[in-house]
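Report on the following structure.
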Amino acid sequence: MNRYQAGKLSHYARSDGLLSEDIRTVFEDVQSNIWVGTAGGLNQLSGTNLTAFGRMNGLPEGSIRGITQDKRWRIWIGSDNGMIWYNTGHFYAYGQNYGLSDGFVSAVHEDTEGNLWVGTHSGLNRFREGRFFNELKSDGTPYDKVNAIFEDREGNLWVGSNEGLIRLTPRRFFTFNKLDGLTHNNTCSVLEDGNDSIWTATYGGGLNCLQNGRVVAYTGSNGPASDLLLSLCERRDGSLWVGADAGGGVYQFQQGIFKQYTARDGLPDAATRVMHEDRAGRLWLGTDQGLCCWQDGRFRTYTVQDHLAGKAVRDICEDPDGQLWIGTDGGLSHGGIGGFTNLTMHDGLSDNSVTALYEDAGHSLWVGTENGGLNRWRDGHFTTYTRKQGLFSDEIFEILEDDHGWLWMSCSRGVFRVRKSELDALDQGKIQVITSIPYGKSDGMAGTLCNGAAKPAGWKGGDGRLWFVTTKGLIVVDPDIKLNETPPPVFIEQVIADGKQVTLPPASERSEHPLRMPSGQGDWEFTYSALNFQNPEAIQFKYKLEGVDADWIAAGTRRMAHYNNIYPGHYTFRVIACNSDGVWNQTGAAAAILIVPNLWQTGWFQGLVAAGILGAAAGLARYVTQRRIRWQLRQLEQQNNCFMMHFDF
């Protein structure tokens, strides 16, 4: 082994105490000690002292192949015979009895989140809560013979194995499905009760409760008579109410007993999609046949004949004054027992089919629609945000707010979030486009199709985590997830002018040395990209051609810009990009372009032509004037001759 320090090269061999001259790995700890893994054991170089560790210290026989140090300063050592960790002079062994998939450890790495990853000849392991857990591939099988582990600056884990290079992206979402004990993956609503239990109504599997890490199912003999469940509501008396599809009615669950209410009790024979208990203790039910109020042991139904905006009720929200906001398929209703005031597209609502309602602490009412994006009702008028302004989807199923000023929304394409401060800036004209951050399968979701059939379609738990229902199970995300603060590098990959590819100068010279091009048809195409491994399909771009565009063009995920009829002159094409967490590279990439005009397009030529035209016009005018004068003279002469002849006579 060789060591280069202060301009001097030092050599260490077996004669110096090195256990083997076959070096497998080298690691420097936070105290500047050098740990050397060899084919014969472990050495530590501290200053100039070389210490050897072997069986007498508690290490197993065999090669040392991986070394790392965790945030608690423990040294983790991977060998041919299991894992060992070292702290304050003592070694402790961790083998297959602690869940390690194989005793042959080939790679060890601790990521920035504090997860210890161990590669073995039988797979990839992660150490947590005192044990090793086998990380499986998407098909449920282990990785084959892991040889190397590396973490990039974005937090992606790269694993080298017999199957090639594998990228593990940090998962933001965790999915609960049938593999975790749910009776059905098609979850329709979710809530957390006063005992911190998570309830979910499934369409086909009855009622499920997640408590203390396990699932309790209420279906068949111990649950509602119908397994086609939709909505949930916990009342202040602790009872849980469950709404079913058409024909199933609603169920009151209290003290382990389900009580059913149906059309016999005055309830419409229709799907119950939302329930809400107001501050007066009245229970409101939104159905496909109107709005019902359960009070004093009976139901009262309100329909369009009672001036409700629409037939089907999709969501209910209560304002600080105790008045209800009711989202229907015909608009937004406001009121209660005393009647309703309706707001529709005639009043500025972007879509009459209202699917989600949320009122924030600032008394803004956020309104999600089926096809019209997001609306904000504030100070007596609506403001609309759609895909044109950067919203990920114009279809909104649920709206939640975290503790950091983000609105989280679900749709049929997944879950996304936007900053409320950006929506404010858009309203004030400070920005033209907002940034939406979408999440999908690469973030841990089993499927991107969220459910919007009933309420609550999402729930903010007491611990701040956000729950959403999908057709592939129940998903949960911690909004305190670490953002990828590294902006993606941006590149202009190709320029095509009038159908021909242009050779670009080096990127460092593109801004100062314009790309000189002859004048043509003015048909230009720019292709660009950005480097981001964590979620490359979610990168968003903005571009502009200075000299043509007054402001940035929001391109979304599109990686091409096209321009027609570009006239000769100086231009600069610029493109910027943001990563999947909305962090923008504001510098981006740029390319200066000079379109050289043809001879007849130059200013001096056009001036010369103009001067020629003016000269010709002046000459023509002079010629015409002279001819007119000659004609007038001839006319005068003829008149004079006639006069003289008349006088002679």
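Identifiers for the structure tokens are assigned positionally: chains receive A, B, ... in sequence, residues are indexed from 1 per chain, and ligands are indexed from 1 in the order shown.
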
Excluding segment 121-128 of chain A and residues on its chain fewer than 3 positions from it, collect all residues at most 10 Å away from it, counting only C-alpha atoms, and give them as a PyMOL selection string.
chain A and resi 80+98-110+114-118+131-137+141-147+149+159+161-162

If you count only C-alpha atoms, which residues fall within 7 Å of segment 194-201 of chain A, apart from same-chain ones fewer than 6 positions away, as a compact mmCIF listing (two decimals) with N, CA, C and O atoms, in the first residue's frame?
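Listing of out-v1.txt after writing:
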```txt
# COMPACT_ATOMS: atom_id res chain seq x y z
N THR A 187 -59.42 1.75 -3.13
CA THR A 187 -59.82 2.54 -1.96
C THR A 187 -60.53 3.81 -2.42
O THR A 187 -60.09 4.47 -3.37
N CYS A 188 -61.62 4.16 -1.74
CA CYS A 188 -62.44 5.31 -2.16
C CYS A 188 -62.39 6.50 -1.22
O CYS A 188 -62.62 7.63 -1.66
N LEU A 207 -64.76 -2.34 4.76
CA LEU A 207 -64.11 -1.29 5.55
C LEU A 207 -62.83 -1.84 6.17
O LEU A 207 -62.82 -2.92 6.72
N ASN A 208 -61.73 -1.06 6.05
CA ASN A 208 -60.44 -1.46 6.61
C ASN A 208 -59.95 -0.41 7.59
O ASN A 208 -60.19 0.79 7.40
N CYS A 209 -59.23 -0.87 8.63
CA CYS A 209 -58.66 0.02 9.63
C CYS A 209 -57.19 -0.33 9.82
O CYS A 209 -56.84 -1.49 10.06
N LEU A 210 -56.30 0.69 9.68
CA LEU A 210 -54.87 0.52 9.91
C LEU A 210 -54.55 1.04 11.29
O LEU A 210 -54.74 2.22 11.59
N GLN A 211 -54.05 0.15 12.15
CA GLN A 211 -53.75 0.53 13.52
C GLN A 211 -52.56 -0.28 14.01
O GLN A 211 -52.54 -1.51 13.90
N LEU A 229 -68.28 0.24 -0.69
CA LEU A 229 -68.33 1.41 0.19
C LEU A 229 -67.65 2.60 -0.47
O LEU A 229 -66.71 2.46 -1.25
N LEU A 230 -68.14 3.81 -0.12
CA LEU A 230 -67.65 5.03 -0.75
C LEU A 230 -67.09 6.03 0.25
O LEU A 230 -65.89 6.27 0.28
N SER A 231 -67.94 6.64 1.07
CA SER A 231 -67.55 7.79 1.88
C SER A 231 -67.41 7.44 3.35
O SER A 231 -67.94 6.43 3.83
```

Can you tell me, as a short mmCIF file (atom, residue, chain, number, x, y, z; two decimals) with all heavy atoms, in the first residue's frame, which residues in segment 504-622 of chain A count as strand (DSSP E) by DSSP?
```
data_model
loop_
_atom_site.label_atom_id
_atom_site.label_comp_id
_atom_site.auth_asym_id
_atom_site.auth_seq_id
_atom_site.Cartn_x
_atom_site.Cartn_y
_atom_site.Cartn_z
N LEU A 515 -23.68 32.18 -33.66
CA LEU A 515 -23.73 31.21 -34.74
C LEU A 515 -24.18 31.94 -36.00
O LEU A 515 -25.31 32.42 -36.09
CB LEU A 515 -24.71 30.09 -34.38
CG LEU A 515 -24.93 28.99 -35.41
CD1 LEU A 515 -23.65 28.20 -35.61
CD2 LEU A 515 -26.06 28.07 -34.97
N ARG A 516 -23.28 32.09 -36.99
CA ARG A 516 -23.58 32.83 -38.20
C ARG A 516 -24.26 31.91 -39.20
O ARG A 516 -23.75 30.84 -39.54
CB ARG A 516 -22.31 33.42 -38.81
CG ARG A 516 -21.65 34.47 -37.92
CD ARG A 516 -20.36 34.96 -38.56
NE ARG A 516 -20.60 35.61 -39.84
CZ ARG A 516 -20.85 36.90 -39.99
NH1 ARG A 516 -20.93 37.69 -38.93
NH2 ARG A 516 -21.03 37.42 -41.20
N MET A 517 -25.44 32.34 -39.65
CA MET A 517 -26.21 31.54 -40.59
C MET A 517 -26.70 32.42 -41.74
O MET A 517 -27.08 33.58 -41.53
CB MET A 517 -27.43 30.92 -39.88
CG MET A 517 -27.06 29.85 -38.87
SD MET A 517 -26.30 28.41 -39.66
CE MET A 517 -27.62 27.90 -40.75
N PRO A 518 -26.67 31.89 -42.97
CA PRO A 518 -27.22 32.66 -44.09
C PRO A 518 -28.74 32.74 -44.00
O PRO A 518 -29.39 31.91 -43.38
CB PRO A 518 -26.79 31.85 -45.31
CG PRO A 518 -26.66 30.44 -44.80
CD PRO A 518 -26.15 30.58 -43.39
N TRP A 524 -36.86 27.59 -37.97
CA TRP A 524 -35.86 27.18 -36.99
C TRP A 524 -36.46 26.22 -35.97
O TRP A 524 -37.59 26.39 -35.54
CB TRP A 524 -35.29 28.39 -36.27
CG TRP A 524 -34.39 29.21 -37.13
CD1 TRP A 524 -34.75 30.05 -38.13
CD2 TRP A 524 -32.97 29.23 -37.07
NE1 TRP A 524 -33.65 30.61 -38.71
CE2 TRP A 524 -32.53 30.13 -38.07
CE3 TRP A 524 -32.02 28.61 -36.26
CZ2 TRP A 524 -31.19 30.41 -38.28
CZ3 TRP A 524 -30.67 28.89 -36.48
CH2 TRP A 524 -30.27 29.77 -37.47
N GLU A 525 -35.67 25.21 -35.59
CA GLU A 525 -36.09 24.24 -34.57
C GLU A 525 -34.94 24.02 -33.59
O GLU A 525 -33.80 23.76 -34.01
CB GLU A 525 -36.48 22.92 -35.23
CG GLU A 525 -37.00 21.88 -34.26
CD GLU A 525 -37.48 20.62 -34.97
OE1 GLU A 525 -38.54 20.69 -35.63
OE2 GLU A 525 -36.78 19.59 -34.88
N PHE A 526 -35.24 24.14 -32.30
CA PHE A 526 -34.25 23.95 -31.25
C PHE A 526 -34.67 22.74 -30.39
O PHE A 526 -35.82 22.67 -29.94
CB PHE A 526 -34.14 25.18 -30.35
CG PHE A 526 -33.78 26.45 -31.08
CD1 PHE A 526 -34.77 27.24 -31.66
CD2 PHE A 526 -32.46 26.84 -31.17
CE1 PHE A 526 -34.44 28.40 -32.33
CE2 PHE A 526 -32.13 28.01 -31.84
CZ PHE A 526 -33.11 28.79 -32.42
N THR A 527 -33.75 21.83 -30.15
CA THR A 527 -34.00 20.73 -29.20
C THR A 527 -33.05 20.90 -28.02
O THR A 527 -31.89 21.30 -28.20
CB THR A 527 -33.80 19.36 -29.85
OG1 THR A 527 -32.47 19.25 -30.35
CG2 THR A 527 -34.80 19.15 -30.98
N TYR A 528 -33.54 20.60 -26.85
CA TYR A 528 -32.79 20.83 -25.62
C TYR A 528 -33.10 19.72 -24.61
O TYR A 528 -34.06 18.95 -24.77
CB TYR A 528 -33.14 22.20 -25.03
CG TYR A 528 -34.62 22.48 -25.02
CD1 TYR A 528 -35.44 22.00 -24.00
CD2 TYR A 528 -35.22 23.21 -26.04
CE1 TYR A 528 -36.81 22.24 -24.00
CE2 TYR A 528 -36.59 23.45 -26.05
CZ TYR A 528 -37.37 22.96 -25.02
OH TYR A 528 -38.72 23.18 -25.02
N SER A 529 -32.30 19.65 -23.56
CA SER A 529 -32.51 18.63 -22.53
C SER A 529 -31.91 19.13 -21.23
O SER A 529 -31.23 20.17 -21.19
CB SER A 529 -31.88 17.29 -22.94
OG SER A 529 -30.47 17.41 -23.00
N ALA A 530 -32.16 18.38 -20.16
CA ALA A 530 -31.58 18.67 -18.85
C ALA A 530 -31.23 17.35 -18.17
O ALA A 530 -31.92 16.34 -18.36
CB ALA A 530 -32.55 19.48 -17.98
N GLN A 540 -39.23 20.14 -16.20
CA GLN A 540 -40.01 21.11 -16.96
C GLN A 540 -39.10 22.21 -17.50
O GLN A 540 -38.08 22.55 -16.89
CB GLN A 540 -41.11 21.71 -16.09
CG GLN A 540 -42.11 20.67 -15.60
CD GLN A 540 -43.30 21.32 -14.94
OE1 GLN A 540 -43.95 22.21 -15.50
NE2 GLN A 540 -43.63 20.86 -13.74
N PHE A 541 -39.48 22.77 -18.64
CA PHE A 541 -38.64 23.73 -19.34
C PHE A 541 -39.40 25.03 -19.62
O PHE A 541 -40.63 25.05 -19.73
CB PHE A 541 -38.16 23.15 -20.68
CG PHE A 541 -37.32 21.91 -20.56
CD1 PHE A 541 -37.92 20.66 -20.55
CD2 PHE A 541 -35.95 22.00 -20.45
CE1 PHE A 541 -37.16 19.51 -20.45
CE2 PHE A 541 -35.17 20.85 -20.34
CZ PHE A 541 -35.77 19.61 -20.35
N LYS A 542 -38.62 26.10 -19.75
CA LYS A 542 -39.10 27.36 -20.30
C LYS A 542 -38.04 27.85 -21.30
O LYS A 542 -36.85 27.65 -21.09
CB LYS A 542 -39.27 28.43 -19.21
CG LYS A 542 -40.33 28.12 -18.16
CD LYS A 542 -40.38 29.23 -17.12
CE LYS A 542 -41.36 28.92 -16.01
NZ LYS A 542 -41.38 29.97 -14.96
N TYR A 543 -38.50 28.48 -22.37
CA TYR A 543 -37.55 28.97 -23.35
C TYR A 543 -38.05 30.30 -23.92
O TYR A 543 -39.22 30.66 -23.79
CB TYR A 543 -37.35 27.95 -24.48
CG TYR A 543 -38.57 27.71 -25.34
CD1 TYR A 543 -38.91 28.58 -26.39
CD2 TYR A 543 -39.40 26.62 -25.12
CE1 TYR A 543 -40.02 28.37 -27.19
CE2 TYR A 543 -40.52 26.39 -25.90
CZ TYR A 543 -40.82 27.27 -26.93
OH TYR A 543 -41.94 27.06 -27.70
N LYS A 544 -37.15 31.01 -24.57
CA LYS A 544 -37.53 32.21 -25.31
C LYS A 544 -36.44 32.52 -26.33
O LYS A 544 -35.26 32.22 -26.13
CB LYS A 544 -37.74 33.40 -24.38
CG LYS A 544 -36.52 33.91 -23.66
CD LYS A 544 -36.88 35.14 -22.83
CE LYS A 544 -35.72 35.62 -21.98
NZ LYS A 544 -36.08 36.82 -21.19
N LEU A 545 -36.86 33.11 -27.43
CA LEU A 545 -35.94 33.58 -28.46
C LEU A 545 -35.92 35.10 -28.37
O LEU A 545 -36.87 35.78 -28.77
CB LEU A 545 -36.40 33.11 -29.85
CG LEU A 545 -35.47 33.45 -31.01
CD1 LEU A 545 -34.10 32.81 -30.83
CD2 LEU A 545 -36.09 33.01 -32.34
N GLU A 546 -34.86 35.61 -27.77
CA GLU A 546 -34.74 37.06 -27.60
C GLU A 546 -34.68 37.73 -28.96
O GLU A 546 -33.87 37.35 -29.81
CB GLU A 546 -33.50 37.39 -26.77
CG GLU A 546 -33.60 36.91 -25.33
CD GLU A 546 -32.36 37.25 -24.52
OE1 GLU A 546 -31.36 37.69 -25.12
OE2 GLU A 546 -32.39 37.06 -23.29
N ILE A 553 -41.58 31.19 -22.59
CA ILE A 553 -42.62 30.28 -23.05
C ILE A 553 -42.56 29.03 -22.17
O ILE A 553 -41.51 28.38 -22.09
CB ILE A 553 -42.44 29.88 -24.52
CG1 ILE A 553 -42.33 31.14 -25.40
CG2 ILE A 553 -43.59 28.99 -24.98
CD1 ILE A 553 -43.55 32.01 -25.38
N ALA A 554 -43.65 28.70 -21.48
CA ALA A 554 -43.69 27.50 -20.65
C ALA A 554 -43.89 26.28 -21.55
O ALA A 554 -44.94 26.11 -22.16
CB ALA A 554 -44.82 27.60 -19.62
N ALA A 555 -42.88 25.44 -21.61
CA ALA A 555 -42.93 24.27 -22.49
C ALA A 555 -43.34 23.00 -21.77
O ALA A 555 -43.53 21.97 -22.41
CB ALA A 555 -41.57 24.07 -23.15
N GLY A 556 -43.46 23.05 -20.43
CA GLY A 556 -43.77 21.83 -19.69
C GLY A 556 -42.63 20.83 -19.85
O GLY A 556 -41.45 21.16 -19.68
N MET A 560 -38.59 20.65 -27.29
CA MET A 560 -38.36 21.21 -28.62
C MET A 560 -39.10 22.53 -28.77
O MET A 560 -40.21 22.68 -28.27
CB MET A 560 -38.83 20.21 -29.69
CG MET A 560 -38.51 20.61 -31.11
SD MET A 560 -39.82 21.62 -31.87
CE MET A 560 -41.11 20.41 -32.04
N ALA A 561 -38.44 23.47 -29.43
CA ALA A 561 -39.06 24.77 -29.73
C ALA A 561 -38.96 25.00 -31.23
O ALA A 561 -37.92 24.71 -31.85
CB ALA A 561 -38.37 25.89 -28.97
N HIS A 562 -40.03 25.54 -31.81
CA HIS A 562 -40.07 25.73 -33.27
C HIS A 562 -40.51 27.16 -33.58
O HIS A 562 -41.41 27.71 -32.95
CB HIS A 562 -41.04 24.74 -33.90
CG HIS A 562 -41.04 24.77 -35.39
ND1 HIS A 562 -41.95 25.50 -36.12
CD2 HIS A 562 -40.21 24.19 -36.30
CE1 HIS A 562 -41.70 25.35 -37.40
NE2 HIS A 562 -40.65 24.56 -37.54
N TYR A 563 -39.82 27.76 -34.57
CA TYR A 563 -40.13 29.12 -34.98
C TYR A 563 -40.21 29.18 -36.51
O TYR A 563 -39.48 28.48 -37.21
CB TYR A 563 -39.04 30.10 -34.50
CG TYR A 563 -39.03 30.31 -33.01
CD1 TYR A 563 -38.26 29.49 -32.20
CD2 TYR A 563 -39.77 31.32 -32.43
CE1 TYR A 563 -38.23 29.66 -30.82
CE2 TYR A 563 -39.75 31.52 -31.05
CZ TYR A 563 -38.99 30.69 -30.26
OH TYR A 563 -38.96 30.87 -28.89
N GLY A 569 -31.04 38.98 -38.62
CA GLY A 569 -30.81 39.81 -37.45
C GLY A 569 -30.11 39.05 -36.35
O GLY A 569 -29.70 37.89 -36.52
N HIS A 570 -29.95 39.69 -35.19
CA HIS A 570 -29.30 39.10 -34.03
C HIS A 570 -30.37 38.53 -33.08
O HIS A 570 -31.32 39.23 -32.72
CB HIS A 570 -28.46 40.14 -33.29
CG HIS A 570 -27.24 40.58 -34.05
ND1 HIS A 570 -26.02 39.95 -33.91
CD2 HIS A 570 -27.07 41.58 -34.95
CE1 HIS A 570 -25.14 40.54 -34.70
NE2 HIS A 570 -25.74 41.54 -35.35
N TYR A 571 -30.17 37.28 -32.66
CA TYR A 571 -31.10 36.61 -31.75
C TYR A 571 -30.30 35.80 -30.73
O TYR A 571 -29.14 35.44 -30.97
CB TYR A 571 -32.04 35.66 -32.51
CG TYR A 571 -32.86 36.32 -33.60
CD1 TYR A 571 -32.39 36.35 -34.91
CD2 TYR A 571 -34.08 36.90 -33.31
CE1 TYR A 571 -33.13 36.94 -35.92
CE2 TYR A 571 -34.83 37.50 -34.31
CZ TYR A 571 -34.35 37.53 -35.61
OH TYR A 571 -35.09 38.12 -36.59
N THR A 572 -30.94 35.52 -29.59
CA THR A 572 -30.36 34.60 -28.60
C THR A 572 -31.46 33.66 -28.11
O THR A 572 -32.50 34.12 -27.62
CB THR A 572 -29.77 35.36 -27.39
OG1 THR A 572 -28.73 36.23 -27.84
CG2 THR A 572 -29.17 34.36 -26.38
N PHE A 573 -31.22 32.37 -28.30
CA PHE A 573 -32.16 31.38 -27.80
C PHE A 573 -31.72 30.95 -26.41
O PHE A 573 -30.57 30.57 -26.20
CB PHE A 573 -32.21 30.15 -28.71
CG PHE A 573 -33.16 29.08 -28.23
CD1 PHE A 573 -34.53 29.23 -28.39
CD2 PHE A 573 -32.68 27.95 -27.60
CE1 PHE A 573 -35.41 28.26 -27.93
CE2 PHE A 573 -33.54 26.96 -27.14
CZ PHE A 573 -34.91 27.13 -27.30
N ARG A 574 -32.64 31.04 -25.45
CA ARG A 574 -32.36 30.66 -24.07
C ARG A 574 -33.36 29.61 -23.61
O ARG A 574 -34.55 29.67 -23.96
CB ARG A 574 -32.43 31.88 -23.14
CG ARG A 574 -31.42 32.97 -23.48
CD ARG A 574 -31.40 34.07 -22.43
NE ARG A 574 -30.51 35.15 -22.82
CZ ARG A 574 -29.20 35.14 -22.62
NH1 ARG A 574 -28.65 34.10 -22.00
NH2 ARG A 574 -28.45 36.15 -23.00
N VAL A 575 -32.89 28.69 -22.76
CA VAL A 575 -33.75 27.66 -22.18
C VAL A 575 -33.32 27.41 -20.75
O VAL A 575 -32.12 27.36 -20.43
CB VAL A 575 -33.70 26.36 -23.02
CG1 VAL A 575 -32.28 25.83 -23.14
CG2 VAL A 575 -34.62 25.30 -22.44
N ILE A 576 -34.29 27.31 -19.85
CA ILE A 576 -34.03 26.98 -18.45
C ILE A 576 -34.90 25.78 -18.08
O ILE A 576 -35.85 25.44 -18.79
CB ILE A 576 -34.34 28.17 -17.51
CG1 ILE A 576 -35.79 28.63 -17.64
CG2 ILE A 576 -33.39 29.34 -17.79
CD1 ILE A 576 -36.17 29.76 -16.69
N ALA A 577 -34.58 25.13 -16.96
CA ALA A 577 -35.30 23.91 -16.57
C ALA A 577 -35.34 23.80 -15.06
O ALA A 577 -34.49 24.35 -14.34
CB ALA A 577 -34.63 22.67 -17.18
N CYS A 578 -36.34 23.07 -14.58
CA CYS A 578 -36.43 22.76 -13.15
C CYS A 578 -36.49 21.25 -12.96
O CYS A 578 -36.97 20.52 -13.83
CB CYS A 578 -37.64 23.44 -12.50
SG CYS A 578 -39.24 22.72 -12.92
N TRP A 584 -35.31 25.49 -10.04
CA TRP A 584 -34.98 25.94 -11.40
C TRP A 584 -33.50 26.25 -11.55
O TRP A 584 -32.88 26.81 -10.65
CB TRP A 584 -35.78 27.20 -11.75
CG TRP A 584 -37.21 26.92 -12.07
CD1 TRP A 584 -38.25 26.93 -11.20
CD2 TRP A 584 -37.75 26.59 -13.36
NE1 TRP A 584 -39.41 26.62 -11.85
CE2 TRP A 584 -39.15 26.41 -13.18
CE3 TRP A 584 -37.21 26.44 -14.62
CZ2 TRP A 584 -39.99 26.08 -14.23
CZ3 TRP A 584 -38.05 26.11 -15.67
CH2 TRP A 584 -39.42 25.94 -15.47
N ASN A 585 -32.96 25.87 -12.68
CA ASN A 585 -31.66 26.35 -13.13
C ASN A 585 -31.93 27.63 -13.91
O ASN A 585 -32.29 27.60 -15.08
CB ASN A 585 -30.98 25.30 -14.01
CG ASN A 585 -29.61 25.75 -14.48
OD1 ASN A 585 -29.28 26.93 -14.48
ND2 ASN A 585 -28.80 24.80 -14.90
N GLN A 586 -31.79 28.77 -13.24
CA GLN A 586 -32.15 30.05 -13.85
C GLN A 586 -31.14 30.51 -14.90
O GLN A 586 -31.45 31.36 -15.73
CB GLN A 586 -32.29 31.13 -12.77
CG GLN A 586 -33.40 30.86 -11.76
CD GLN A 586 -34.79 31.02 -12.36
OE1 GLN A 586 -34.94 31.40 -13.51
NE2 GLN A 586 -35.82 30.74 -11.58
N THR A 587 -29.92 29.95 -14.85
CA THR A 587 -28.92 30.31 -15.86
C THR A 587 -29.20 29.58 -17.16
O THR A 587 -29.22 30.18 -18.24
CB THR A 587 -27.51 29.98 -15.36
OG1 THR A 587 -27.28 30.68 -14.14
CG2 THR A 587 -26.47 30.36 -16.40
N GLY A 588 -29.43 28.28 -17.05
CA GLY A 588 -29.80 27.48 -18.21
C GLY A 588 -28.72 27.45 -19.28
O GLY A 588 -27.52 27.46 -19.00
N ALA A 589 -29.16 27.39 -20.50
CA ALA A 589 -28.25 27.35 -21.65
C ALA A 589 -28.69 28.39 -22.67
O ALA A 589 -29.88 28.72 -22.76
CB ALA A 589 -28.23 25.96 -22.28
N ALA A 590 -27.74 28.90 -23.44
CA ALA A 590 -28.05 29.95 -24.42
C ALA A 590 -27.21 29.76 -25.67
O ALA A 590 -26.10 29.22 -25.61
CB ALA A 590 -27.80 31.34 -23.82
N ALA A 591 -27.74 30.22 -26.76
CA ALA A 591 -27.02 30.20 -28.04
C ALA A 591 -27.34 31.47 -28.80
O ALA A 591 -28.51 31.75 -29.10
CB ALA A 591 -27.39 28.97 -28.86
N ALA A 592 -26.29 32.27 -29.09
CA ALA A 592 -26.47 33.50 -29.88
C ALA A 592 -26.46 33.15 -31.36
O ALA A 592 -25.68 32.29 -31.81
CB ALA A 592 -25.36 34.49 -29.55
N ILE A 593 -27.30 33.80 -32.12
CA ILE A 593 -27.47 33.49 -33.54
C ILE A 593 -27.47 34.80 -34.33
O ILE A 593 -28.13 35.77 -33.95
CB ILE A 593 -28.78 32.73 -33.79
CG1 ILE A 593 -28.80 31.43 -33.01
CG2 ILE A 593 -28.98 32.46 -35.28
CD1 ILE A 593 -30.14 30.75 -32.99
N LEU A 594 -26.72 34.80 -35.41
CA LEU A 594 -26.73 35.92 -36.33
C LEU A 594 -27.15 35.39 -37.70
O LEU A 594 -26.44 34.59 -38.31
CB LEU A 594 -25.35 36.58 -36.44
CG LEU A 594 -25.20 37.64 -37.54
CD1 LEU A 594 -26.17 38.79 -37.33
CD2 LEU A 594 -23.76 38.13 -37.63
N ILE A 595 -28.32 35.79 -38.14
CA ILE A 595 -28.78 35.42 -39.47
C ILE A 595 -28.33 36.51 -40.43
O ILE A 595 -28.80 37.65 -40.38
CB ILE A 595 -30.31 35.25 -39.50
CG1 ILE A 595 -30.76 34.20 -38.47
CG2 ILE A 595 -30.77 34.84 -40.90
CD1 ILE A 595 -32.25 34.00 -38.41
N VAL A 596 -27.36 36.15 -41.29
CA VAL A 596 -26.77 37.12 -42.21
C VAL A 596 -27.73 37.34 -43.38
O VAL A 596 -28.15 36.39 -44.04
CB VAL A 596 -25.41 36.61 -42.73
CG1 VAL A 596 -24.79 37.63 -43.68
CG2 VAL A 596 -24.48 36.31 -41.56
#
```

From a DSSP pass on the backbone, collect the residues of segment 413-442 of chain A flagged as alpha helix (DSSP H) and hand them back as a CSV table (one decimal) with all heavy atoms, in the first residue's frame.
```
chain,number,residue,atom,x,y,z
A,420,LYS,N,-48.7,27.9,-2.6
A,420,LYS,CA,-49.7,29.0,-2.5
A,420,LYS,C,-49.0,30.3,-2.8
A,420,LYS,O,-49.7,31.2,-3.4
A,420,LYS,CB,-50.3,29.0,-1.2
A,420,LYS,CG,-51.3,27.8,-0.9
A,420,LYS,CD,-51.8,27.8,0.5
A,420,LYS,CE,-52.6,29.0,0.8
A,420,LYS,NZ,-53.2,28.9,2.2
A,421,SER,N,-47.8,30.5,-2.4
A,421,SER,CA,-47.1,31.8,-2.7
A,421,SER,C,-47.0,32.0,-4.2
A,421,SER,O,-47.0,33.2,-4.6
A,421,SER,CB,-45.8,31.8,-2.0
A,421,SER,OG,-44.9,30.7,-2.4
A,422,GLU,N,-46.8,31.0,-5.0
A,422,GLU,CA,-46.7,31.1,-6.4
A,422,GLU,C,-48.1,31.5,-7.0
A,422,GLU,O,-48.1,32.3,-7.9
A,422,GLU,CB,-46.2,29.9,-7.1
A,422,GLU,CG,-44.7,29.7,-6.9
A,422,GLU,CD,-44.1,28.7,-8.0
A,422,GLU,OE1,-44.7,28.5,-9.0
A,422,GLU,OE2,-43.0,28.2,-7.7
A,423,LEU,N,-49.1,30.9,-6.5
A,423,LEU,CA,-50.5,31.3,-6.9
A,423,LEU,C,-50.7,32.8,-6.6
A,423,LEU,O,-51.3,33.5,-7.4
A,423,LEU,CB,-51.5,30.4,-6.3
A,423,LEU,CG,-51.4,28.9,-6.6
A,423,LEU,CD1,-52.4,28.1,-5.7
A,423,LEU,CD2,-51.7,28.7,-8.1
A,424,ASP,N,-50.3,33.2,-5.4
A,424,ASP,CA,-50.4,34.6,-5.1
A,424,ASP,C,-49.6,35.5,-6.1
A,424,ASP,O,-50.1,36.6,-6.5
A,424,ASP,CB,-49.9,34.9,-3.7
A,424,ASP,CG,-50.8,34.3,-2.6
A,424,ASP,OD1,-52.0,34.0,-2.9
A,424,ASP,OD2,-50.4,34.0,-1.5
A,425,ALA,N,-48.4,35.1,-6.3
A,425,ALA,CA,-47.5,35.9,-7.3
A,425,ALA,C,-48.1,35.9,-8.7
A,425,ALA,O,-48.1,36.9,-9.4
A,425,ALA,CB,-46.1,35.2,-7.3
A,426,LEU,N,-48.8,34.8,-9.1
A,426,LEU,CA,-49.5,34.8,-10.4
A,426,LEU,C,-50.6,35.8,-10.4
A,426,LEU,O,-50.8,36.5,-11.4
A,426,LEU,CB,-49.9,33.4,-10.7
A,426,LEU,CG,-50.6,33.2,-12.0
A,426,LEU,CD1,-49.6,33.3,-13.2
A,426,LEU,CD2,-51.2,31.8,-12.1
A,427,ASP,N,-51.4,35.8,-9.3
A,427,ASP,CA,-52.5,36.8,-9.2
A,427,ASP,C,-52.0,38.2,-9.3
A,427,ASP,O,-52.7,39.1,-9.8
A,427,ASP,CB,-53.2,36.6,-7.9
A,427,ASP,CG,-54.0,35.2,-7.8
A,427,ASP,OD1,-54.1,34.6,-8.9
A,427,ASP,OD2,-54.4,34.8,-6.7
```
